[in-house]
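*Asks:* Input run_14.pdb, format and content: PDB, C-alpha atoms.
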```pdb
ATOM      1  CA  MET A   1       3.422  22.519  10.822
ATOM      2  CA  ASP A   2       1.469  20.891   7.978
ATOM      3  CA  ARG A   3       1.241  17.118   8.497
ATOM      4  CA  ARG A   4      -1.935  16.287   6.555
ATOM      5  CA  PHE A   5      -2.596  16.363   2.839
ATOM      6  CA  GLN A   6      -5.694  18.486   2.261
ATOM      7  CA  GLY A   7      -7.453  20.053  -0.703
ATOM      8  CA  GLU A   8      -7.440  19.562  -4.455
ATOM      9  CA  SER A   9      -5.305  20.833  -7.293
ATOM     10  CA  HIS A  10      -5.346  20.402 -11.077
ATOM     11  CA  ASN A  11      -1.824  20.306 -12.535
ATOM     12  CA  LYS A  12      -0.474  19.857 -16.046
ATOM     13  CA  VAL A  13       1.428  16.717 -17.021
ATOM     14  CA  ASP A  14       4.019  17.038 -19.786
ATOM     15  CA  GLY A  15       4.822  14.448 -22.458
ATOM     16  CA  LYS A  16       7.527  12.851 -20.296
ATOM     17  CA  GLY A  17       5.171  12.390 -17.349
ATOM     18  CA  ARG A  18       6.548  15.277 -15.302
ATOM     19  CA  VAL A  19       4.083  16.986 -13.003
ATOM     20  CA  SER A  20       4.416  19.657 -10.313
ATOM     21  CA  ILE A  21       3.369  18.661  -6.824
ATOM     22  CA  PRO A  22       1.102  21.291  -5.202
ATOM     23  CA  VAL A  23       3.159  23.534  -2.904
ATOM     24  CA  LYS A  24       1.043  22.691   0.158
ATOM     25  CA  PHE A  25       1.673  18.971  -0.501
ATOM     26  CA  ARG A  26       5.435  19.582  -0.743
ATOM     27  CA  ARG A  27       5.448  21.055   2.772
ATOM     28  CA  VAL A  28       3.645  17.978   4.107
ATOM     29  CA  LEU A  29       6.153  15.693   2.358
ATOM     30  CA  GLN A  30       8.987  17.558   4.088
ATOM     31  CA  ASN A  31       7.287  17.514   7.488
ATOM     32  CA  CYS A  32       6.399  13.815   7.209
ATOM     33  CA  ASP A  33       9.838  12.499   6.343
ATOM     34  CA  ALA A  34      12.143  11.823   9.283
ATOM     35  CA  GLU A  35      15.053  11.568   6.821
ATOM     36  CA  TYR A  36      14.443  14.988   5.257
ATOM     37  CA  ALA A  37      17.075  17.659   5.857
ATOM     38  CA  PRO A  38      16.868  21.313   4.752
ATOM     39  CA  GLY A  39      18.359  21.664   1.294
ATOM     40  CA  GLY A  40      17.496  18.053   0.442
ATOM     41  CA  GLN A  41      14.424  16.525  -1.127
ATOM     42  CA  PRO A  42      11.736  14.629   0.782
ATOM     43  CA  ARG A  43      10.995  11.030  -0.079
ATOM     44  CA  LEU A  44       7.856  10.203  -2.024
ATOM     45  CA  TYR A  45       6.447   6.757  -2.824
ATOM     46  CA  ILE A  46       4.059   6.167  -5.716
ATOM     47  CA  ALA A  47       1.937   3.007  -5.385
ATOM     48  CA  TYR A  48      -0.076   2.031  -8.449
ATOM     49  CA  GLY A  49      -0.653  -1.727  -8.276
ATOM     50  CA  ASP A  50      -4.086  -2.089  -6.686
ATOM     51  CA  PRO A  51      -6.482  -2.851  -9.571
ATOM     52  CA  LYS A  52      -9.474  -1.844  -7.425
ATOM     53  CA  LYS A  53      -8.259   1.763  -7.125
ATOM     54  CA  ASN A  54      -8.819   4.291  -9.911
ATOM     55  CA  TYR A  55      -6.060   6.516  -8.580
ATOM     56  CA  ILE A  56      -2.353   6.548  -7.843
ATOM     57  CA  GLN A  57      -1.606   6.415  -4.107
ATOM     58  CA  CYS A  58       1.213   8.745  -3.004
ATOM     59  CA  LEU A  59       2.907   8.346   0.362
ATOM     60  CA  SER A  60       5.373  10.414   2.356
ATOM     61  CA  GLY A  61       8.571   8.823   3.615
ATOM     62  CA  ASP A  62       7.152   8.316   7.118
ATOM     63  CA  ALA A  63       3.878   6.831   5.790
ATOM     64  CA  PHE A  64       5.820   4.386   3.643
ATOM     65  CA  ASP A  65       8.063   3.483   6.590
ATOM     66  CA  ARG A  66       4.930   2.550   8.599
ATOM     67  CA  ILE A  67       3.700   0.332   5.733
ATOM     68  CA  ASP A  68       7.151  -1.229   5.441
ATOM     69  CA  ALA A  69       7.079  -2.084   9.165
ATOM     70  CA  ILE A  70       3.649  -3.714   8.720
ATOM     71  CA  ILE A  71       4.957  -5.801   5.816
ATOM     72  CA  GLN A  72       8.036  -6.889   7.757
ATOM     73  CA  ALA A  73       5.856  -7.885  10.743
ATOM     74  CA  GLN A  74       3.846 -10.364   8.636
ATOM     75  CA  ALA A  75       4.714 -14.044   8.762
ATOM     76  CA  PRO A  76       7.460 -14.606   6.170
ATOM     77  CA  GLY A  77       6.007 -16.057   2.985
ATOM     78  CA  SER A  78       2.396 -15.595   4.145
ATOM     79  CA  LYS A  79      -0.294 -14.606   1.667
ATOM     80  CA  GLN A  80      -0.662 -11.286   3.457
ATOM     81  CA  GLN A  81       3.024 -10.505   3.194
ATOM     82  CA  LYS A  82       3.167 -11.548  -0.473
ATOM     83  CA  LEU A  83       0.196  -9.332  -1.335
ATOM     84  CA  LEU A  84       1.571  -6.322   0.525
ATOM     85  CA  MET A  85       5.012  -6.829  -1.023
ATOM     86  CA  PHE A  86       3.417  -6.912  -4.482
ATOM     87  CA  LEU A  87       1.488  -3.682  -3.860
ATOM     88  CA  TYR A  88       4.128  -1.693  -1.971
ATOM     89  CA  TYR A  89       7.438  -3.042  -3.265
ATOM     90  CA  GLN A  90       6.875  -4.394  -6.760
ATOM     91  CA  LYS A  91       4.147  -1.940  -7.886
ATOM     92  CA  CYS A  92       5.527   1.082  -6.062
ATOM     93  CA  GLU A  93       8.252   3.528  -7.047
ATOM     94  CA  ALA A  94      10.400   5.555  -4.681
ATOM     95  CA  THR A  95      11.116   9.002  -6.048
ATOM     96  CA  HIS A  96      12.177  12.501  -5.093
ATOM     97  CA  LEU A  97      11.033  15.904  -6.249
ATOM     98  CA  ASP A  98      13.373  17.981  -8.362
ATOM     99  CA  GLU A  99      14.433  21.503  -7.320
ATOM    100  CA  THR A 100      11.252  22.960  -8.889
ATOM    101  CA  GLY A 101       8.901  20.592  -7.042
ATOM    102  CA  ARG A 102       8.249  18.288  -9.987
ATOM    103  CA  MET A 103       8.372  14.525 -10.212
ATOM    104  CA  VAL A 104       8.151  12.028 -13.037
ATOM    105  CA  LEU A 105       5.182   9.684 -12.797
ATOM    106  CA  PRO A 106       6.129   6.147 -13.855
ATOM    107  CA  GLN A 107       4.625   5.128 -17.193
ATOM    108  CA  ALA A 108       2.888   2.141 -15.572
ATOM    109  CA  ALA A 109       1.167   4.486 -13.101
ATOM    110  CA  ARG A 110       0.057   6.860 -15.874
ATOM    111  CA  ASP A 111      -1.238   3.944 -17.941
ATOM    112  CA  LYS A 112      -3.187   2.554 -14.978
ATOM    113  CA  ILE A 113      -5.407   5.635 -14.707
ATOM    114  CA  GLY A 114      -5.188   6.812 -18.329
ATOM    115  CA  LEU A 115      -3.380  10.007 -17.357
ATOM    116  CA  GLU A 116      -2.534  12.311 -20.226
ATOM    117  CA  ASP A 117      -2.101  16.080 -19.988
ATOM    118  CA  GLU A 118      -3.701  16.931 -16.649
ATOM    119  CA  ALA A 119      -3.758  15.360 -13.178
ATOM    120  CA  LEU A 120      -6.030  15.945 -10.221
ATOM    121  CA  PHE A 121      -4.312  15.872  -6.822
ATOM    122  CA  GLU A 122      -6.552  15.100  -3.846
ATOM    123  CA  GLY A 123      -5.487  15.303  -0.221
ATOM    124  CA  HIS A 124      -6.443  12.299   1.899
ATOM    125  CA  GLY A 125      -4.846  13.026   5.258
ATOM    126  CA  THR A 126      -1.788  10.793   5.519
ATOM    127  CA  GLU A 127      -1.553  10.303   1.743
ATOM    128  CA  PHE A 128      -2.598  11.996  -1.457
ATOM    129  CA  HIS A 129      -4.099  10.579  -4.612
ATOM    130  CA  ILE A 130      -3.518  11.438  -8.239
ATOM    131  CA  LEU A 131      -6.506  10.888 -10.508
ATOM    132  CA  ASN A 132      -7.414  11.346 -14.107
ATOM    133  CA  PRO A 133      -9.700  14.413 -13.903
ATOM    134  CA  ALA A 134     -12.200  12.690 -16.211
ATOM    135  CA  GLN A 135     -12.624   9.883 -13.659
ATOM    136  CA  ALA A 136     -12.681  12.145 -10.621
ATOM    137  CA  GLN A 137     -16.340  13.091 -11.017
ATOM    138  CA  SER A 138     -17.453   9.471 -10.707
ATOM    139  CA  GLU A 139     -15.464   9.169  -7.453
ATOM    140  CA  GLU A 140     -17.048  12.351  -6.109
ATOM    141  CA  ASP A 141     -20.491  11.058  -7.106
ATOM    142  CA  ARG A 142     -19.813   7.884  -5.086
ATOM    143  CA  MET A 143     -18.969   9.980  -2.014
ATOM    144  CA  LEU A 144     -22.095  12.116  -2.408
ATOM    145  CA  ALA A 145     -24.186   8.944  -2.669
ATOM    146  CA  LEU A 146     -22.540   7.672   0.521
ATOM    147  CA  ILE A 147     -23.444  10.909   2.316
ATOM    148  CA  ASP A 148     -27.046  10.465   1.157
ATOM    149  CA  GLU A 149     -27.024   6.868   2.389
ATOM    150  CA  PHE A 150     -25.838   7.866   5.862
ATOM    151  CA  ALA A 151     -28.181  10.874   5.968
ATOM    152  CA  GLY A 152     -31.214   8.659   5.420
ATOM    153  CA  GLY A 153     -33.285  11.598   4.190
ATOM    154  CA  ASP A 154     -32.263  13.948   7.004
ATOM    155  CA  ASP A 155     -31.655  17.338   5.347
ATOM    156  CA  PHE A 156     -29.718  18.477   8.428
ATOM    157  CA  PHE A 157     -27.422  15.431   8.666
ATOM    158  CA  ASP A 158     -23.962  16.233  10.035
ATOM    159  CA  PRO A 159     -21.289  13.777   8.806
ATOM    160  CA  LEU A 160     -19.244  14.408  11.965
ATOM    161  CA  THR A 161     -21.874  12.429  13.893
ATOM    162  CA  LEU A 162     -20.305   9.339  12.285
ATOM    163  CA  ALA A 163     -17.014   9.914  14.066
ATOM    164  CA  SER A 164     -16.518   8.889  17.633
ATOM    165  CA  GLU A 165     -14.258  10.744  20.003
ATOM    166  CA  PRO A 166     -11.126   8.824  20.956
ATOM    167  CA  GLU A 167     -11.250   7.558  24.491
ATOM    168  CA  ARG A 168      -9.257   9.663  26.883
ATOM    169  CA  PRO A 169      -7.277   8.062  29.691
ATOM    170  CA  ALA A 170      -8.713   8.571  33.151
ATOM    171  CA  PRO A 171      -6.931  11.309  35.156
TER     172      PRO A 171
END
```
As structure tokens, please, write out the structure in this file.

*Replies:*
Amino acid sequence: MDRRFQGESHNKVDGKGRVSIPVKFRRVLQNCDAEYAPGGQPRLYIAYGDPKKNYIQCLSGDAFDRIDAIIQAQAPGSKQQKLLMFLYYQKCEATHLDETGRMVLPQAARDKIGLEDEALFEGHGTEFHILNPAQAQSEEDRMLALIDEFAGGDDFFDPLTLASEPERPAP
């Protein structure tokens, strides 16, 4: 059962902002939405308010529910809660896919990243990002530079050495 968004896909965007979601991402949306029922459409949340991000953040129903719980757990009226509410309530749209697997990207989201006739979908585990393909190369260059930084000149550097194994409970 697919529960992680993985891979990349270039998809066309029409003049009304409609774009097809990659098939493998649709399966993850279904599997990561506790409210999804066969024959229905999975929930999808499109967050576009963070000015520091050059992409649109897309969340499954379950991922959004976890964020919603975090927001509700904040002290009412706190700066943290206000910021999270701005990013995930005010600057976020709930949507569904149509029967062909397409969605309409909000105009504000398209404007944010300068999206025109093509979108790049990138899997990021529990979420996926939509980027303007013209900007995607600069993001990839940043990641390659980060790999070089961690490698410290070691031609045989393995990025998995950065990850630590989760602690296992004693038997």

*Asks:* Run the PyMOL selection byres ((chain A and resi 54) around 9) mentally over the shown coordinates, then write out the matched residues as a PyMOL selection string, using the chain letters and numbers from the document.

*Replies:* chain A and resi 50-53+55-56+112-113+131-132+135-136+139

*Asks:* With distances taken over only C-alpha atoms, which residue among A:Leu146, A:Ala37, A:Met103, A:Leu160 lies nearest Cys58 in chain A?

*Replies:*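 Under the stated criterion, the closest residue is A:Met103.
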
*Asks:* Show me, as a list in words, the residues that have an atom within 9 Å of Lys16 in chain A when counting all atoms listed in the file, minus same-chain residues fewer than 2 positions from it.

*Replies:* Val13, Asp14, Arg18, Val104, Leu105 and Gln107 of chain A

*Asks:* Rounded to one decimal in Å, what is the spacing between CA of Lys91 in chain A and CA of Ile130 in chain A?

*Replies:*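 Rounded to one decimal, the two atoms are 15.4 Å apart.
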
*Asks:* Compare A:Arg110, A:Arg27, A:His96, A:Arg66 by their minimum atom-to-atom distance to Arg43 in chain A, counting all atoms listed in the file, and give me the closest one.

*Replies:*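 Going through A:Arg110, A:Arg27, A:His96, A:Arg66 one by one, the smallest distance to Arg43 in chain A is for A:His96.
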
*Asks:* So what do you get for CA of Met85 in chain A versus CA of Gly123 in chain A, distance-wise?

*Replies:*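 Here the two named atoms are 24.5 Å from each other.
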
*Asks:* Pick out the closest residue to Arg3 in chain A from this set: A:Ala94, A:Gly49, A:Gly125, A:Phe64. Count only C-alpha atoms.

*Replies:* A:Gly125

*Asks:* So, with all atoms listed in the file as the atoms that count, which of A:Leu59, A:Val28, A:Leu87, A:Ala163 lies closest to Leu44 in chain A?

*Replies:* A:Leu59

*Asks:* Hey, what comes out of the PyMOL selection byres ((chain A and resi 102) around 7) on this file? Could you write it as a list in words?

*Replies:*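 After applying the PyMOL selection byres ((chain A and resi 102) around 7), what remains is Arg18, Val19, Ser20, Ile21, Leu97, Asp98, Thr100, Gly101, Met103 and Val104 of chain A.
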
*Asks:* Tyr89 in chain A: which residues within 12 Å, counting all atoms listed in the file, same-chain residues fewer than 2 positions away excluded, as a PyMOL selection string?

*Replies:* chain A and resi 45-49+64-65+67-68+71-72+81-87+91-94

*Asks:* Which one of A:Glu99, A:Glu140, A:Asp148, A:Asp158 sits closest to Gln41 in chain A if you count only C-alpha atoms?

*Replies:*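 Closest candidate: A:Glu99.
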
*Asks:* For this file, the PyMOL selection byres ((chain A and resi 126) around 8) selects which residues, as number ranges by chain?

*Replies:* A: 3-5, 59-60, 63, 124-125, 127-128

*Asks:* Could you please determine the separation between CA of Lys24 in chain A and CA of Asp2 in chain A in Å, to one decimal place?

*Replies:* 8.0 Å

*Asks:* Given the choices A:Ala69, A:Val23, A:Asp111, A:Phe150, which gets closest to Asn11 in chain A if the distance is worked out from all atoms listed in the file?

*Replies:*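 Closest to Asn11 in chain A of all the choices is A:Val23.
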
*Asks:* Please check which residues have atoms at most 8 Å from (13.7, 6.8, 5.4) in the file's coordinates, counting only C-alpha atoms, and write them as a list of chain:residue names.

*Replies:* A:Asp33, A:Ala34, A:Glu35, A:Arg43, A:Gly61, A:Asp62, A:Asp65

*Asks:* May I have the centre and edge lengths, in Å to one decimal, of an axis-aligned box around the listed atoms of range 64-80 of chain A with 8 Å added to every side, as AutoDock Vina command-line options?

*Replies:*
```
--center_x 3.7 --center_y -5.8 --center_z 6.2 --size_x 24.7 --size_y 36.4 --size_z 25.1
```
